[in-house]
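What follows is a single structure, written as structure tokens, with notes after it.
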Amino acid sequence: MIFLRNDSLNTERKGKKMRYLRETINGSNANDYSHIVEIKIFFGNQNLALNKPVKTDGQVPYGTISSVNNGNTNTDDYCDITAPVIIDLGAIELAEKVIVWHYWGDGRKYNCKTEISEDGQNWTTIFDSAVSGTYVETSQGKTHYLN
Ligand SMILES: [Ca+2]
């Protein structure tokens with residue numbers, strides 16, 4: 001392994017190109033509801049997803065869909081969805097990591113899948129609880145690195 005003495009020499013950053021993020025939730029071990037608190041998409045310290053257009057083909061029985069990417073990670077700032085939500089960055093961007101918060105107030109675990117796409121047609125799965133297993137929701141959210 002090579003360690004560079006000067007970080008400025010390391011100009012090649014990791015990441016993946018993406019325009020869309022799709023989050024699918026199928027209830028939790030607490031109940032059948034699918035709650036999203038926040039999704040952030042980072043390059044460096046910039047949250048590319050903040051207040052970008054977000055849509056769903058389903059219903060939002062509780063809350064407002066804008067809470068998905070309004071920057072507020074408080075667990076009470078959630079919406080309930082009946083179908084996947086899609087965030088549109090508006091252009092293809094390089095992203096280094098995605099952080100997802102579902103309702104985290106009581107340590108529950110959601111059945112969830114996170115995918116990214118450049119064109120909205122071809123999707124790459126970056127996390128699937130059916131494959132990787134579920135995890136306890138916390139205030140820190142769940143980070144998925146795009147390497
Ligand atoms: Ca929020």
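By convention here, the chains of the structure tokens are called A, B, ... in the order presented, each chain's residues are numbered starting at 1, and ligands are numbered starting at 1 in the order presented.
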Trp101 in chain A surroundings by only C-alpha atoms, 7 Å radius, close-in-sequence under 2 positions cut, as a PDB file with C-alpha atoms, in the first residue's frame:
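In the end it all went to selection-v3.pdb:
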ATOM      1  CA  ILE A  36     -38.023   7.985   5.010  1.00  0.00           C
ATOM      2  CA  VAL A  37     -36.452  10.719   7.109  1.00  0.00           C
ATOM      3  CA  GLU A  38     -33.637  11.895   4.827  1.00  0.00           C
ATOM      4  CA  ILE A  39     -31.387  10.970   1.930  1.00  0.00           C
ATOM      5  CA  THR A  73     -32.462  14.291   9.796  1.00  0.00           C
ATOM      6  CA  ILE A  99     -26.461   8.437   3.533  1.00  0.00           C
ATOM      7  CA  TYR A 103     -37.345   6.376  11.061  1.00  0.00           C
ATOM      8  CA  GLY A 141     -28.051   7.230   9.181  1.00  0.00           C
ATOM      9  CA  LYS A 142     -26.613   4.461   7.018  1.00  0.00           C
TER      10      LYS A 142
END
Fewer than 2 positions away in the same chain doesn't count, so skip those; otherwise give me all residues within 10 Å of Asp106 in chain A, counting only C-alpha atoms, as a PDB file with N, CA and C atoms, in the first residue's frame.
ATOM      1  N   ALA A  30     -40.883  -3.313  12.850  1.00  0.00           N
ATOM      2  CA  ALA A  30     -41.830  -2.722  13.797  1.00  0.00           C
ATOM      3  C   ALA A  30     -43.255  -2.712  13.246  1.00  0.00           C
ATOM      4  N   THR A  75     -35.747  12.439  13.441  1.00  0.00           N
ATOM      5  CA  THR A  75     -36.569  11.270  13.122  1.00  0.00           C
ATOM      6  C   THR A  75     -38.046  11.615  12.941  1.00  0.00           C
ATOM      7  N   TYR A 103     -36.956   6.033   9.684  1.00  0.00           N
ATOM      8  CA  TYR A 103     -37.345   6.376  11.061  1.00  0.00           C
ATOM      9  C   TYR A 103     -36.394   5.660  12.023  1.00  0.00           C
ATOM     10  N   TRP A 104     -35.718   6.460  12.848  1.00  0.00           N
ATOM     11  CA  TRP A 104     -34.661   5.863  13.682  1.00  0.00           C
ATOM     12  C   TRP A 104     -34.942   6.026  15.170  1.00  0.00           C
ATOM     13  N   ARG A 108     -35.518   0.388  15.094  1.00  0.00           N
ATOM     14  CA  ARG A 108     -36.099  -0.608  14.192  1.00  0.00           C
ATOM     15  C   ARG A 108     -35.220  -0.848  12.974  1.00  0.00           C
ATOM     16  N   LYS A 109     -35.558  -1.868  12.202  1.00  0.00           N
ATOM     17  CA  LYS A 109     -34.804  -2.253  11.006  1.00  0.00           C
ATOM     18  C   LYS A 109     -35.765  -2.308   9.819  1.00  0.00           C
ATOM     19  N   VAL A 136     -29.848  -1.769  12.239  1.00  0.00           N
ATOM     20  CA  VAL A 136     -30.553  -0.907  13.186  1.00  0.00           C
ATOM     21  C   VAL A 136     -30.425   0.551  12.744  1.00  0.00           C
ATOM     22  N   GLU A 137     -31.551   1.228  12.624  1.00  0.00           N
ATOM     23  CA  GLU A 137     -31.543   2.654  12.273  1.00  0.00           C
ATOM     24  C   GLU A 137     -31.041   3.491  13.446  1.00  0.00           C
ATOM     25  N   THR A 138     -30.171   4.449  13.139  1.00  0.00           N
ATOM     26  CA  THR A 138     -29.674   5.350  14.174  1.00  0.00           C
ATOM     27  C   THR A 138     -29.712   6.790  13.662  1.00  0.00           C
TER      28      THR A 138
END
Enumerate the residues of chain A with a DSSP assignment of alpha helix (DSSP H), computed from the backbone, and present them as an MDAnalysis selection string. chainID A and resid 129:132
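Comparing the minimum interatomic distances between ligand 1 and each of A:Leu48, A:Ile86, A:Val60, A:Ile65, counting only C-alpha atoms and all ligand atoms, we find that A:Ile65 sits nearest.
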Can I get the residues close to ligand 1 as a CSV table (one decimal) with N, CA and C atoms, in the first residue's frame, where close means within 6 Å and we count only C-alpha atoms and all ligand atoms?
chain,number,residue,atom,x,y,z
A,37,VAL,N,-36.7,9.5,6.4
A,37,VAL,CA,-36.5,10.7,7.1
A,37,VAL,C,-35.6,11.6,6.2
A,38,GLU,N,-34.6,11.1,5.6
A,38,GLU,CA,-33.6,11.9,4.8
A,38,GLU,C,-32.8,11.0,4.0
A,67,SER,N,-39.7,16.1,2.6
A,67,SER,CA,-38.9,15.8,3.8
A,67,SER,C,-37.8,14.8,3.5
A,68,VAL,N,-37.9,14.2,2.3
A,68,VAL,CA,-36.9,13.2,1.9
A,68,VAL,C,-35.5,13.8,1.8
A,69,ASN,N,-35.5,15.0,1.3
A,69,ASN,CA,-34.2,15.6,1.1
A,69,ASN,C,-34.2,17.1,1.4
A,70,ASN,N,-34.8,17.4,2.5
A,70,ASN,CA,-34.8,18.8,3.0
A,70,ASN,C,-33.7,19.2,4.0
A,71,GLY,N,-32.8,18.2,4.2
A,71,GLY,CA,-31.6,18.4,5.1
A,71,GLY,C,-31.9,18.2,6.5
A,72,ASN,N,-33.1,17.9,6.9
A,72,ASN,CA,-33.5,17.7,8.3
A,72,ASN,C,-33.5,16.2,8.6
A,73,THR,N,-32.6,15.7,9.5
A,73,THR,CA,-32.5,14.3,9.8
A,73,THR,C,-33.1,13.9,11.1
A,77,ASP,N,-39.1,14.0,11.2
A,77,ASP,CA,-39.2,14.7,9.9
A,77,ASP,C,-39.3,13.6,8.8
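Closest approach to Pro84 in chain A among A:Asn26, A:Thr134, A:Ser117, A:Asn51 is made by A:Asn26 (distances from only C-alpha atoms).
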- Item | Shell of 9 Å around Phe127 in chain A, only C-alpha atoms, local chain residues under 5 positions omitted, as an MDAnalysis selection string | chainID A and resid 112:115 132 144
Mind dumping the selected residues with N, CA and C atoms as an mmCIF file, in the first residue's frame?
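Heads up, here's the output in part.cif:
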data_model
loop_
_atom_site.group_PDB
_atom_site.id
_atom_site.type_symbol
_atom_site.label_atom_id
_atom_site.label_comp_id
_atom_site.auth_asym_id
_atom_site.auth_seq_id
_atom_site.Cartn_x
_atom_site.Cartn_y
_atom_site.Cartn_z
ATOM 1 N N CYS A 112 -35.146 -2.523 2.856
ATOM 2 C CA CYS A 112 -34.954 -1.382 1.975
ATOM 3 C C CYS A 112 -33.894 -1.658 0.918
ATOM 4 N N LYS A 113 -34.014 -0.923 -0.155
ATOM 5 C CA LYS A 113 -33.062 -1.035 -1.261
ATOM 6 C C LYS A 113 -32.776 0.350 -1.803
ATOM 7 N N THR A 114 -31.505 0.623 -2.057
ATOM 8 C CA THR A 114 -31.074 1.911 -2.591
ATOM 9 C C THR A 114 -30.370 1.671 -3.920
ATOM 10 N N GLU A 115 -30.814 2.386 -4.945
ATOM 11 C CA GLU A 115 -30.232 2.228 -6.285
ATOM 12 C C GLU A 115 -29.891 3.600 -6.855
ATOM 13 N N SER A 132 -27.794 -7.972 1.918
ATOM 14 C CA SER A 132 -26.799 -7.644 2.951
ATOM 15 C C SER A 132 -27.328 -7.788 4.370
ATOM 16 N N HIS A 144 -23.509 4.612 2.549
ATOM 17 C CA HIS A 144 -23.132 3.712 1.464
ATOM 18 C C HIS A 144 -22.077 4.421 0.622
#
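Candidate residues A:Ala130, A:Leu146, A:Ile41, A:Ala49 were compared for distance to Gly90 in chain A, and the nearest is A:Ala49, using only C-alpha atoms.
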Computed gap from CA of Ile116 in chain A to CA of Cys79 in chain A is 20.7 Å
Item checked: Residue contacts of Pro61 in chain A (10 Å, only C-alpha atoms) excluding same-chain residues fewer than 2 positions away, as a PyMOL selection string -> chain A and resi 33+58-59+63-65+79-82
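Pairwise distance (CA of Leu94 in chain A, CA of Lys17 in chain A) equals 4.4 Å.
Compared by their closest atoms to Val54 in chain A, and using only C-alpha atoms, the residues A:Tyr110, A:Tyr20, A:Trp123, A:Tyr135 rank with A:Tyr20 nearest.
Using only C-alpha atoms, the smallest distance between any of A:Thr124, A:Thr56, A:Gln140, A:Asn147 and Gly107 in chain A comes from A:Gln140.
Closest approach to Asp119 in chain A among A:Ala83, A:Arg22, A:Lys14, A:Tyr145: A:Arg22, based on only C-alpha atoms.
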